[in-house]
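Chemist: Once you've had a glance at the structure underneath, I'll fire off some questions.
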Amino acid sequence: MMSEPKRLHPISAVLNFAKGLKEAILPIVAIFFFNGNGGDGFLAWLPLILSGAFLLIILLAGFLKWLRFSYWIDEGELRIEHGLLFRKKRYIPLERIQSLDFSEGILHRPFQLVKVSIETAASSGLEAEAVLTAIKRVDAKELEKTIYEGKSEQSSFENDAEMPEENDRSLVYQMSTKDIILMAVTSGGAGVVISGVAVFLSQFTEFLPIEAIYEEVVDWLQFGIFIVGILAAFVLVIAYGVAVILTVLRFGNFSVFHDGDDLVITRGLLEKKQVTIPLNRIQGIRIDENLIRQPLGYATVSIISAGGSIKGGDEQQFKVLPFIKRKQIETVLTGILPQYALDVSPERPPKRSKLRYVIRCLWLPLLVSIAVSVFFWPLGLLSLLIIPALIGLGLLNYRDAGWNIREKQLMLSNRFITKQTYFVKKHRIQSCGYSMSIPEQRSRLSSIEVMVKTGAGKTRARCLYLDENDTKTIMKWFQT
Amino acid sequence: MNAPRKQISKRALSLWRVHGGISTGISVLVAIAVIILTNLFSWPIWPSLVIGAVILLEMIFSIWLIPSIRWERIRYEVREQEIDYQYGLFIVKRTLIPMVRVQHVDTEQGPLLRKYRLATISISTAATVHKIPALDETEAENLRHSISSLARVAEDDV
């Protein structure tokens with residue numbers, strides 16, 4: 001038991017400083033560069049002095065934050081005291097703790113440290129319930145053990161359950177480097193990098209003598225469309241390369257373990273991350289297939305979990321199988337979640353809803369491209385070229401929609417751009433409903449949707465334009 | 001599956017009409033401002049005409065059409081196992097909320113609602129919130145009691 005108050009590793013002062021710096025970098029830069037007309041004497045130095053003072057304050061705050069932070073375990077609670085001016089105390093009962101997530105940054109690794117995020121069911125929104133910025137790895141292991149023991153003490157108190165087996169961590173799934181690279185190549189990640197480069201370049205146009213360059217460029221263009229093409233391809237290849245490297249760094253050593261009642265996901269080459277998902281918090285399974293991966297037969301499997309917080313869009317924490325052959329999913333998942341049957345054959349929406357799927361994809365872009373065609377007459381007509389593609393997408397959406405009921409399990413699949421297939425158990429569904437617009441009513445079609453809890457929010461699974469009777473079947477199934 | 005049986009208080013209609021009237025009133029104020037500006041700066045007349053037409057439509061929709069359609073649509077029924085709720089304007093939506101999923105029930109009442117002795121009840125599950133608007137005050141109170149006692153019987157995690 002660690003009933004003595006403990007302090008974080010001193011390196012967390014540096015980490016606090018870095019974090020403070022990251023938040024304050026814009027104001028500092030602003031102060032430093034917007035020094036008006038220069039001025040003279042004291043005024044000229046003012047920006048420098050101010051930003052210096054700013055830095056010093058952040059440095060000091062980082063240090064004080066570390067100094068005033070202490071944590072310990074007492075009376076079955078994890079107690080944390082911190083705060084610069086106001087002393088803050090947070091006591092978390094051990095049995096409330098859902099999971100401990102470990103991550104290791106570049107600064108952590110030389111010192112054998114980890115960052116520990118403590119999640120409870122209440123950790124809603126952006127922050128974990130408590131974060132220990134940097135503690136020794138052995139301490140983290142001990143903390144985990146203590147919390148585990150504290151929890152099992154509590155539960156054996158309640159129902160004399162047998163002690164959960166100690167550390168029988170078994171490897172369920174591991175990603176090969178080839179898979180990771182293939183995943184990076186088939187993801188939209190490269191697009192993000194390209195747009196990042198574009199934004200970066202657009203920042204510089206302000207400083208460049210555009211007018212003068214423009215003349216040059218026009219000349220250059222005369223003989224240079226070919227070169228521009230090569231240049232564009234070059235940028236594309238580099239962007240893809242960067243995306244691949246980033247993905248490899250983030251997903252390197254990706255492995256999933258089955259550990260008692262938890263699922264543990266570890267990943268990362270530079271920054272190691274470990275996420276724990278308690279199996280009894282799992283609300284459902286989602287399989288995503290995007291337009292590039294589906295023809296190749298690959299998919300992404302995510303677990304919908306009720307615990308945990310949403311950290312800055314870092315949704316990967318619940319991607320258990322980020323890139324896997326569609327056919328392998330069954331075999332891998334039956335080891336962890338045997339209660340789900342994934343190889344079900346879906347019921348499809350009726351033929352008469354085909355047109356609706358097409359219209360759903362088409363109407364807004366069609367309006368836009370008509371507007372574009374009118375305003376940018378003749379050239380704008382080119383925008384009409386996307387129409388056949390959209391019709392194709394609509395038909396694909398129709399083809400990929402489906403539902404299935406097997407005992408207590410509901411499967412709903414739906415595509416807008418990425419095909420999403422949900423598997424949920426009846427007792428995990430928070431609410432179930434259908435909707436019918438007036439024209440749908442006329443052709444006796446309706447759309448079903450079920451809500452499932454995810455972290456702090458909800459996930460909606462649905463299937464559009466089903467035959468009215470099918471919707472009723474699902475509602476009846478849900479009612480009984 | 002038959003539609004749920006109960007309807008909300010008829011007074012909700014008058015409440016929504018008042019709401020519609022208020023929002024139309026605000027639009028009228030905007031329109032007056034535009035007309036004054038048009039006169040002052042001798043702008044073209046067509047924006048004022050468009051705004052006038054929009055206000056006319058708003059009046060018809062928000063005071064007359066929408067409240068009655070909405071009122072006609074809203075049906076609910078609280079059974080032992082579930083809450084059955086139907087709503088929607090041009091799209092009919094129907095939701096089933098199992099009693100075991102209900103986390104808590106709230107009623108709320110703004111000043112206008114209080115004037116009409118109405119209250120809005122919101123039923124929260126772990127993931128969703130469902131609001132039945134403008135119920136009769138006492139009806140809402142009863143509903144809250146019965147739902148929370150029915151929901152308490154069943155214990156289940158999340």
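Labels used: A, B, ... for chains in the order of the structure tokens, numbers from 1 for residues in each chain, and numbers from 1 for ligands as shown.
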Please list as an MDAnalysis selection string every residue within 8 Å of range 129-138 of chain B, counting only C-alpha atoms and excluding residues in the same chain fewer than 5 positions away.
Modeler: chainID B and resid 8:9 12 113 117:124
Chemist: Selected residues, N, CA, C and O atoms, written as a PDB file, in the first residue's frame, please.
Modeler:
ATOM      1  N   ILE B   8     -50.713  15.335 -26.091  1.00  0.00           N
ATOM      2  CA  ILE B   8     -50.354  16.356 -25.108  1.00  0.00           C
ATOM      3  C   ILE B   8     -51.470  17.383 -25.005  1.00  0.00           C
ATOM      4  O   ILE B   8     -52.410  17.387 -25.791  1.00  0.00           O
ATOM      5  N   SER B   9     -51.342  18.228 -24.005  1.00  0.00           N
ATOM      6  CA  SER B   9     -52.411  19.179 -23.701  1.00  0.00           C
ATOM      7  C   SER B   9     -52.719  20.091 -24.886  1.00  0.00           C
ATOM      8  O   SER B   9     -51.841  20.530 -25.616  1.00  0.00           O
ATOM      9  N   ALA B  12     -50.943  23.417 -25.398  1.00  0.00           N
ATOM     10  CA  ALA B  12     -49.635  23.525 -26.063  1.00  0.00           C
ATOM     11  C   ALA B  12     -49.768  24.282 -27.377  1.00  0.00           C
ATOM     12  O   ALA B  12     -48.899  25.058 -27.755  1.00  0.00           O
ATOM     13  N   LEU B 113     -44.381  28.654 -20.277  1.00  0.00           N
ATOM     14  CA  LEU B 113     -44.995  27.357 -19.985  1.00  0.00           C
ATOM     15  C   LEU B 113     -45.793  27.434 -18.692  1.00  0.00           C
ATOM     16  O   LEU B 113     -46.887  26.885 -18.579  1.00  0.00           O
ATOM     17  N   ARG B 117     -49.742  26.661 -17.582  1.00  0.00           N
ATOM     18  CA  ARG B 117     -49.754  25.470 -16.724  1.00  0.00           C
ATOM     19  C   ARG B 117     -49.297  24.224 -17.505  1.00  0.00           C
ATOM     20  O   ARG B 117     -49.960  23.197 -17.552  1.00  0.00           O
ATOM     21  N   LEU B 118     -48.148  24.377 -18.182  1.00  0.00           N
ATOM     22  CA  LEU B 118     -47.579  23.270 -18.935  1.00  0.00           C
ATOM     23  C   LEU B 118     -46.172  23.000 -18.429  1.00  0.00           C
ATOM     24  O   LEU B 118     -45.576  23.842 -17.756  1.00  0.00           O
ATOM     25  N   ALA B 119     -45.659  21.822 -18.749  1.00  0.00           N
ATOM     26  CA  ALA B 119     -44.274  21.513 -18.373  1.00  0.00           C
ATOM     27  C   ALA B 119     -43.688  20.566 -19.408  1.00  0.00           C
ATOM     28  O   ALA B 119     -44.402  19.785 -20.034  1.00  0.00           O
ATOM     29  N   THR B 120     -42.381  20.671 -19.595  1.00  0.00           N
ATOM     30  CA  THR B 120     -41.695  19.777 -20.520  1.00  0.00           C
ATOM     31  C   THR B 120     -41.000  18.699 -19.710  1.00  0.00           C
ATOM     32  O   THR B 120     -40.354  18.989 -18.706  1.00  0.00           O
ATOM     33  N   ILE B 121     -41.153  17.464 -20.151  1.00  0.00           N
ATOM     34  CA  ILE B 121     -40.527  16.363 -19.411  1.00  0.00           C
ATOM     35  C   ILE B 121     -39.378  15.825 -20.262  1.00  0.00           C
ATOM     36  O   ILE B 121     -39.516  15.669 -21.465  1.00  0.00           O
ATOM     37  N   SER B 122     -38.211  15.641 -19.630  1.00  0.00           N
ATOM     38  CA  SER B 122     -37.128  15.030 -20.389  1.00  0.00           C
ATOM     39  C   SER B 122     -36.665  13.745 -19.722  1.00  0.00           C
ATOM     40  O   SER B 122     -36.411  13.691 -18.531  1.00  0.00           O
ATOM     41  N   ILE B 123     -36.591  12.707 -20.534  1.00  0.00           N
ATOM     42  CA  ILE B 123     -36.260  11.373 -20.060  1.00  0.00           C
ATOM     43  C   ILE B 123     -34.840  11.073 -20.514  1.00  0.00           C
ATOM     44  O   ILE B 123     -34.562  11.071 -21.708  1.00  0.00           O
ATOM     45  N   SER B 124     -33.932  10.866 -19.574  1.00  0.00           N
ATOM     46  CA  SER B 124     -32.533  10.642 -19.940  1.00  0.00           C
ATOM     47  C   SER B 124     -32.145   9.187 -19.772  1.00  0.00           C
ATOM     48  O   SER B 124     -32.417   8.576 -18.754  1.00  0.00           O
TER      49      SER B 124
END
Chemist: Set the distance at 12 Å and use only C-alpha atoms: which residues neighbour Ser149 in chain B once local chain neighbours fewer than 6 positions away are removed? I'd like the list as a list in words.
Modeler: Glu80, Gln81, Met99, Val100, Val102, Gln103, His104, Val105, Asn142, Leu143 and Glu155 of chain B
Chemist: Please save all heavy atoms of the selected residues as a CSV table (one decimal), in the first residue's frame.
Modeler:
chain,number,residue,atom,x,y,z
B,80,GLU,N,-45.3,-0.4,-18.7
B,80,GLU,CA,-44.5,-0.9,-17.6
B,80,GLU,C,-43.1,-1.1,-18.0
B,80,GLU,O,-42.1,-0.8,-17.3
B,80,GLU,CB,-45.1,-2.2,-17.1
B,80,GLU,CG,-44.8,-2.5,-15.7
B,80,GLU,CD,-45.7,-3.6,-15.1
B,80,GLU,OE1,-46.9,-3.5,-15.3
B,80,GLU,OE2,-45.1,-4.5,-14.6
B,81,GLN,N,-42.9,-1.6,-19.3
B,81,GLN,CA,-41.6,-2.0,-19.8
B,81,GLN,C,-40.9,-0.9,-20.5
B,81,GLN,O,-39.7,-0.9,-20.7
B,81,GLN,CB,-41.7,-3.2,-20.7
B,81,GLN,CG,-42.2,-4.5,-20.0
B,81,GLN,CD,-41.2,-5.0,-19.0
B,81,GLN,OE1,-40.0,-4.9,-19.2
B,81,GLN,NE2,-41.7,-5.6,-17.9
B,99,MET,N,-37.7,0.9,-20.0
B,99,MET,CA,-37.6,1.4,-18.7
B,99,MET,C,-36.3,1.2,-18.0
B,99,MET,O,-35.8,2.0,-17.3
B,99,MET,CB,-38.7,0.7,-17.8
B,99,MET,CG,-40.0,1.4,-17.7
B,99,MET,SD,-39.9,3.2,-17.5
B,99,MET,CE,-41.6,3.6,-17.9
B,100,VAL,N,-35.7,0.0,-18.3
B,100,VAL,CA,-34.4,-0.3,-17.6
B,100,VAL,C,-33.3,0.6,-18.0
B,100,VAL,O,-32.3,0.7,-17.3
B,100,VAL,CB,-33.9,-1.8,-17.9
B,100,VAL,CG1,-34.8,-2.7,-17.1
B,100,VAL,CG2,-33.9,-2.1,-19.4
B,102,VAL,N,-33.7,3.9,-18.5
B,102,VAL,CA,-33.9,5.3,-18.0
B,102,VAL,C,-33.1,5.6,-16.8
B,102,VAL,O,-33.0,4.8,-15.8
B,102,VAL,CB,-35.4,5.5,-17.6
B,102,VAL,CG1,-35.6,6.9,-17.0
B,102,VAL,CG2,-36.3,5.3,-18.9
B,103,GLN,N,-32.3,6.7,-16.9
B,103,GLN,CA,-31.4,7.0,-15.8
B,103,GLN,C,-32.1,8.0,-14.8
B,103,GLN,O,-32.1,7.9,-13.7
B,103,GLN,CB,-30.1,7.7,-16.3
B,103,GLN,CG,-29.3,6.8,-17.2
B,103,GLN,CD,-28.4,5.9,-16.4
B,103,GLN,OE1,-27.9,6.4,-15.4
B,103,GLN,NE2,-28.1,4.7,-16.8
B,104,HIS,N,-32.7,9.1,-15.4
B,104,HIS,CA,-33.5,10.0,-14.6
B,104,HIS,C,-34.5,10.8,-15.5
B,104,HIS,O,-34.4,10.8,-16.7
B,104,HIS,CB,-32.6,11.0,-13.8
B,104,HIS,CG,-31.6,11.7,-14.7
B,104,HIS,ND1,-31.9,12.9,-15.2
B,104,HIS,CD2,-30.4,11.4,-15.1
B,104,HIS,CE1,-30.9,13.3,-15.9
B,104,HIS,NE2,-29.9,12.4,-15.9
B,105,VAL,N,-35.4,11.4,-14.8
B,105,VAL,CA,-36.5,12.1,-15.4
B,105,VAL,C,-36.5,13.5,-14.9
B,105,VAL,O,-36.5,13.7,-13.7
B,105,VAL,CB,-37.8,11.4,-15.2
B,105,VAL,CG1,-38.9,12.1,-16.0
B,105,VAL,CG2,-37.8,9.9,-15.5
B,142,ASN,N,-47.2,13.5,-12.7
B,142,ASN,CA,-47.5,12.1,-12.5
B,142,ASN,C,-46.6,11.2,-13.3
B,142,ASN,O,-46.1,10.2,-12.9
B,142,ASN,CB,-48.9,11.8,-13.0
B,142,ASN,CG,-50.0,12.4,-12.1
B,142,ASN,OD1,-49.6,12.7,-10.9
B,142,ASN,ND2,-51.1,12.7,-12.6
B,143,LEU,N,-46.3,11.7,-14.6
B,143,LEU,CA,-45.4,10.9,-15.4
B,143,LEU,C,-44.1,10.7,-14.8
B,143,LEU,O,-43.5,9.6,-14.8
B,143,LEU,CB,-45.3,11.6,-16.8
B,143,LEU,CG,-45.2,10.8,-18.0
B,143,LEU,CD1,-46.4,9.8,-18.1
B,143,LEU,CD2,-45.2,11.6,-19.3
B,155,GLU,N,-32.6,-2.9,-12.2
B,155,GLU,CA,-31.2,-2.5,-12.0
B,155,GLU,C,-30.4,-3.2,-13.1
B,155,GLU,O,-30.4,-4.4,-13.2
B,155,GLU,CB,-30.8,-2.8,-10.6
B,155,GLU,CG,-29.6,-2.0,-10.1
B,155,GLU,CD,-29.9,-0.5,-10.1
B,155,GLU,OE1,-30.9,-0.1,-9.5
B,155,GLU,OE2,-29.1,0.2,-10.8
Chemist: Taking only C-alpha atoms into account, report as a list in words which residues of chain A lie within 6 Å of chain B.
Modeler: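 Result, ordered by chain then number: Gln430, Ser431, Cys432, Gly433, Tyr434, Ser435, Met436, Ser437, Lys453, Gly457 and Lys458 of chain A.
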Chemist: Please produce a file of those selected residues containing all heavy atoms, as a tab-separated table (two decimals), in the first residue's frame.
Modeler:
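Generated output (again.tsv):
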chain	number	residue	atom	x	y	z
A	430	GLN	N	-29.75	1.76	-25.98
A	430	GLN	CA	-30.37	2.74	-25.09
A	430	GLN	C	-31.76	3.13	-25.56
A	430	GLN	O	-32.66	3.31	-24.77
A	430	GLN	CB	-29.50	4.00	-24.99
A	430	GLN	CG	-28.11	3.76	-24.46
A	430	GLN	CD	-28.09	3.43	-22.98
A	430	GLN	OE1	-29.02	3.75	-22.25
A	430	GLN	NE2	-27.04	2.79	-22.53
A	431	SER	N	-31.91	3.29	-26.86
A	431	SER	CA	-33.24	3.56	-27.39
A	431	SER	C	-33.27	3.12	-28.84
A	431	SER	O	-32.24	3.05	-29.50
A	431	SER	CB	-33.60	5.03	-27.26
A	431	SER	OG	-32.89	5.79	-28.20
A	432	CYS	N	-34.47	2.82	-29.30
A	432	CYS	CA	-34.62	2.29	-30.65
A	432	CYS	C	-35.78	3.01	-31.29
A	432	CYS	O	-36.81	3.22	-30.65
A	432	CYS	CB	-34.90	0.79	-30.55
A	432	CYS	SG	-35.23	0.00	-32.11
A	433	GLY	N	-35.63	3.44	-32.52
A	433	GLY	CA	-36.72	4.17	-33.14
A	433	GLY	C	-36.68	4.08	-34.64
A	433	GLY	O	-35.72	3.61	-35.22
A	434	TYR	N	-37.78	4.54	-35.26
A	434	TYR	CA	-37.76	4.62	-36.70
A	434	TYR	C	-38.29	5.97	-37.13
A	434	TYR	O	-38.92	6.67	-36.36
A	434	TYR	CB	-38.56	3.48	-37.34
A	434	TYR	CG	-40.04	3.50	-37.08
A	434	TYR	CD1	-40.89	4.36	-37.79
A	434	TYR	CD2	-40.61	2.66	-36.14
A	434	TYR	CE1	-42.26	4.37	-37.56
A	434	TYR	CE2	-41.96	2.66	-35.90
A	434	TYR	CZ	-42.79	3.52	-36.61
A	434	TYR	OH	-44.14	3.52	-36.38
A	435	SER	N	-38.03	6.33	-38.36
A	435	SER	CA	-38.59	7.59	-38.87
A	435	SER	C	-39.11	7.36	-40.28
A	435	SER	O	-38.65	6.48	-41.00
A	435	SER	CB	-37.54	8.69	-38.85
A	435	SER	OG	-36.52	8.37	-39.74
A	436	MET	N	-40.09	8.17	-40.63
A	436	MET	CA	-40.76	8.03	-41.92
A	436	MET	C	-41.11	9.43	-42.40
A	436	MET	O	-41.82	10.14	-41.72
A	436	MET	CB	-42.10	7.32	-41.69
A	436	MET	CG	-42.17	5.89	-41.99
A	436	MET	SD	-43.80	5.38	-41.43
A	436	MET	CE	-44.07	4.06	-42.51
A	437	SER	N	-40.59	9.82	-43.56
A	437	SER	CA	-41.03	11.10	-44.09
A	437	SER	C	-42.31	10.85	-44.87
A	437	SER	O	-42.70	9.70	-45.08
A	437	SER	CB	-39.97	11.70	-44.99
A	437	SER	OG	-39.81	10.89	-46.12
A	453	LYS	N	-24.57	3.80	-26.06
A	453	LYS	CA	-23.70	4.71	-25.30
A	453	LYS	C	-22.24	4.54	-25.71
A	453	LYS	O	-21.75	3.44	-25.86
A	453	LYS	CB	-23.85	4.42	-23.82
A	453	LYS	CG	-23.04	5.34	-22.93
A	453	LYS	CD	-23.32	5.06	-21.47
A	453	LYS	CE	-22.29	5.68	-20.57
A	453	LYS	NZ	-22.26	7.14	-20.63
A	457	GLY	N	-20.73	10.19	-24.75
A	457	GLY	CA	-21.84	10.52	-25.64
A	457	GLY	C	-22.57	9.31	-26.15
A	457	GLY	O	-22.77	8.34	-25.42
A	458	LYS	N	-23.00	9.40	-27.41
A	458	LYS	CA	-23.77	8.31	-27.96
A	458	LYS	C	-23.33	8.03	-29.38
A	458	LYS	O	-22.71	8.85	-30.04
A	458	LYS	CB	-25.25	8.69	-27.96
A	458	LYS	CG	-25.51	9.91	-28.82
A	458	LYS	CD	-26.93	10.38	-28.67
A	458	LYS	CE	-27.09	11.72	-29.37
A	458	LYS	NZ	-28.31	12.39	-29.04
Chemist: Can you tell me how far CA of Val30 in chain B sits from CA of Pro111 in chain B, in Å to one decimal?
Modeler: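 If I compute the distance from CA of Val30 in chain B to CA of Pro111 in chain B, I get 25.1 Å.
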Chemist: With distances taken over only C-alpha atoms, which residue among B:Arg11, B:Ala140, B:Trp16, B:Leu150 lies nearest Arg70 in chain B?
Modeler: B:Trp16
Chemist: Show me, as a list of chain:residue names, the residues that have an atom within 12 Å of Trp46 in chain B when counting only C-alpha atoms, minus same-chain residues fewer than 5 positions from it.
Modeler: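 Returned residues: B:Val34, B:Ile35, B:Thr38, B:Ile51, B:Gly52, B:Ala53.
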Chemist: Might you pull out every residue within 12 Å of Ile28 in chain A, with only C-alpha atoms counted and same-chain residues fewer than 4 positions away left off, and present them as a ChimeraX atom specification?
Modeler: /A:20-24,32-35,47-58
Chemist: I'd like the contact shell of Val301 in chain A - 10 Å cut-off, only C-alpha atoms, skipping same-chain residues fewer than 2 positions apart - returned as a VMD selection string.
Modeler: chain A and resid 285 to 289 299 303 to 304 318 to 324 326 329 333 420 to 422
Chemist: For the selection you just gave me, I'd like the residues written to a file as a compact mmCIF listing (two decimals), in the first residue's frame, keeping N, CA and C atoms.
Modeler:
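Result went into again25.txt, see below:
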# COMPACT_ATOMS: atom_id res chain seq x y z
N ILE A 285 -19.82 -3.43 -31.48
CA ILE A 285 -18.68 -3.49 -32.38
C ILE A 285 -19.03 -2.74 -33.65
N ARG A 286 -18.07 -2.03 -34.19
CA ARG A 286 -18.31 -1.36 -35.47
C ARG A 286 -17.22 -1.76 -36.46
N ILE A 287 -17.63 -2.12 -37.67
CA ILE A 287 -16.66 -2.43 -38.71
C ILE A 287 -16.76 -1.36 -39.78
N ASP A 288 -15.64 -0.69 -40.07
CA ASP A 288 -15.62 0.35 -41.09
C ASP A 288 -14.89 -0.15 -42.32
N GLU A 289 -15.46 0.11 -43.48
CA GLU A 289 -14.77 -0.23 -44.73
C GLU A 289 -14.83 1.00 -45.63
N ALA A 299 -10.67 -4.06 -43.59
CA ALA A 299 -11.63 -3.29 -42.80
C ALA A 299 -10.98 -2.85 -41.49
N ILE A 303 -14.17 -0.80 -31.19
CA ILE A 303 -15.03 -1.24 -30.11
C ILE A 303 -15.72 -0.04 -29.53
N ILE A 304 -17.03 -0.13 -29.39
CA ILE A 304 -17.79 0.95 -28.79
C ILE A 304 -17.80 0.69 -27.30
N PHE A 318 -9.83 3.19 -29.44
CA PHE A 318 -10.75 2.08 -29.40
C PHE A 318 -10.73 1.23 -30.67
N LYS A 319 -9.82 1.57 -31.57
CA LYS A 319 -9.70 0.73 -32.75
C LYS A 319 -8.92 -0.52 -32.37
N VAL A 320 -9.63 -1.61 -32.20
CA VAL A 320 -8.93 -2.82 -31.77
C VAL A 320 -8.19 -3.48 -32.91
N LEU A 321 -8.81 -3.46 -34.07
CA LEU A 321 -8.15 -4.04 -35.24
C LEU A 321 -8.16 -2.98 -36.33
N PRO A 322 -7.12 -2.13 -36.35
CA PRO A 322 -7.17 -0.97 -37.24
C PRO A 322 -7.15 -1.35 -38.71
N PHE A 323 -6.59 -2.48 -39.03
CA PHE A 323 -6.47 -2.85 -40.45
C PHE A 323 -6.36 -4.35 -40.54
N ILE A 324 -7.40 -4.97 -41.01
CA ILE A 324 -7.42 -6.43 -40.98
C ILE A 324 -8.24 -6.93 -42.14
N ARG A 326 -11.06 -8.64 -43.95
CA ARG A 326 -12.45 -8.81 -43.54
C ARG A 326 -12.71 -10.23 -43.05
N ILE A 329 -11.58 -11.17 -39.32
CA ILE A 329 -12.19 -10.53 -38.16
C ILE A 329 -12.85 -11.55 -37.24
N LEU A 333 -11.88 -12.02 -33.33
CA LEU A 333 -12.78 -11.50 -32.31
C LEU A 333 -13.46 -12.57 -31.47
N GLN A 420 -20.33 1.38 -42.71
CA GLN A 420 -20.23 1.09 -41.29
C GLN A 420 -21.21 -0.02 -40.94
N THR A 421 -20.69 -1.03 -40.28
CA THR A 421 -21.55 -2.13 -39.86
C THR A 421 -21.50 -2.21 -38.34
N TYR A 422 -22.66 -2.12 -37.72
CA TYR A 422 -22.73 -2.16 -36.26
C TYR A 422 -23.27 -3.50 -35.79
Chemist: Report, in Å to a single decimal, how far apart CA of Val18 in chain B and CA of Ile60 in chain B are.
Modeler: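 Taking CA of Ile60 in chain B as the start and CA of Val18 in chain B as the end point, the length is 13.0 Å.
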Chemist: Would you list, as a PyMOL selection string, the residues of chain B that end up in strand (DSSP E or B) under DSSP run on this structure's backbone?
Modeler: chain B and resi 6-7+75-78+82-87+91-98+102-108+118-125+129-136
Chemist: When DSSP is applied to the backbone of this structure, which of chain B are assigned helix (DSSP H, G or I)? Write them out as JSON, numbers by chain.
Modeler: {"B": [11, 12, 13, 14, 15, 16, 17, 18, 19, 20, 21, 22, 23, 24, 25, 26, 27, 28, 29, 30, 31, 32, 33, 34, 35, 36, 37, 38, 39, 40, 41, 46, 47, 48, 49, 50, 51, 52, 53, 54, 55, 56, 57, 58, 59, 60, 61, 62, 63, 64, 65, 66, 67, 68, 69, 70, 71, 72, 73, 99, 100, 101, 111, 112, 113, 114, 115, 137, 138, 139, 140, 141, 142, 143, 144, 145, 146, 147, 148, 149, 150, 151, 152, 153]}
Chemist: Just how far from CA of Pro439 in chain A is CA of Arg399 in chain A, in Å to one decimal?
Modeler: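 For CA of Arg399 in chain A relative to CA of Pro439 in chain A, the distance reads 21.3 Å.
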Chemist: Just want the 6 Å neighbourhood of range 2-7 of chain B, counted on only C-alpha atoms, with same-chain residues fewer than 6 positions away dropped. Output as an NGL selection string.
Modeler: :B and (75-77)
Chemist: Determine the nearest neighbour of Leu246 in chain A from the options A:Leu412, A:Ala130, A:Leu8, A:Leu270, counting only C-alpha atoms.
Modeler: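 Checking each of A:Leu412, A:Ala130, A:Leu8, A:Leu270 against Leu246 in chain A, counting only C-alpha atoms, the winner is A:Leu270.
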Chemist: So which residues touch Ser62 in chain B within 8 Å, counting only C-alpha atoms, skipping near sequence neighbours fewer than 2 positions away, as a PDB file with N, CA and C atoms, in the first residue's frame?
Modeler:
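Writing done, so here's result.pdb:
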ATOM      1  N   ARG B  17     -48.403  28.892 -30.691  1.00  0.00           N
ATOM      2  CA  ARG B  17     -48.840  30.005 -31.542  1.00  0.00           C
ATOM      3  C   ARG B  17     -48.245  31.293 -31.000  1.00  0.00           C
ATOM      4  N   GLY B  20     -44.701  31.398 -32.043  1.00  0.00           N
ATOM      5  CA  GLY B  20     -44.635  31.756 -33.457  1.00  0.00           C
ATOM      6  C   GLY B  20     -44.853  33.245 -33.631  1.00  0.00           C
ATOM      7  N   GLY B  21     -45.843  33.784 -32.881  1.00  0.00           N
ATOM      8  CA  GLY B  21     -46.139  35.209 -32.949  1.00  0.00           C
ATOM      9  C   GLY B  21     -44.935  36.044 -32.551  1.00  0.00           C
ATOM     10  N   THR B  24     -42.296  35.910 -35.248  1.00  0.00           N
ATOM     11  CA  THR B  24     -42.721  36.731 -36.388  1.00  0.00           C
ATOM     12  C   THR B  24     -42.550  38.213 -36.048  1.00  0.00           C
ATOM     13  N   GLU B  58     -43.620  33.057 -42.965  1.00  0.00           N
ATOM     14  CA  GLU B  58     -43.292  32.702 -41.588  1.00  0.00           C
ATOM     15  C   GLU B  58     -44.546  32.736 -40.722  1.00  0.00           C
ATOM     16  N   MET B  59     -45.367  33.781 -40.962  1.00  0.00           N
ATOM     17  CA  MET B  59     -46.571  33.927 -40.166  1.00  0.00           C
ATOM     18  C   MET B  59     -47.461  32.707 -40.364  1.00  0.00           C
ATOM     19  N   ILE B  60     -47.668  32.344 -41.630  1.00  0.00           N
ATOM     20  CA  ILE B  60     -48.555  31.212 -41.919  1.00  0.00           C
ATOM     21  C   ILE B  60     -48.007  29.939 -41.289  1.00  0.00           C
ATOM     22  N   TRP B  64     -49.668  29.173 -37.684  1.00  0.00           N
ATOM     23  CA  TRP B  64     -50.828  28.360 -37.993  1.00  0.00           C
ATOM     24  C   TRP B  64     -50.474  26.901 -38.282  1.00  0.00           C
ATOM     25  N   LEU B  65     -49.630  26.668 -39.308  1.00  0.00           N
ATOM     26  CA  LEU B  65     -49.429  25.300 -39.783  1.00  0.00           C
ATOM     27  C   LEU B  65     -48.625  24.426 -38.823  1.00  0.00           C
ATOM     28  N   ILE B  66     -47.399  24.895 -38.523  1.00  0.00           N
ATOM     29  CA  ILE B  66     -46.485  24.033 -37.776  1.00  0.00           C
ATOM     30  C   ILE B  66     -47.040  23.606 -36.417  1.00  0.00           C
ATOM     31  N   PRO B  67     -47.589  24.554 -35.621  1.00  0.00           N
ATOM     32  CA  PRO B  67     -48.099  24.086 -34.324  1.00  0.00           C
ATOM     33  C   PRO B  67     -49.144  22.992 -34.450  1.00  0.00           C
TER      34      PRO B  67
END
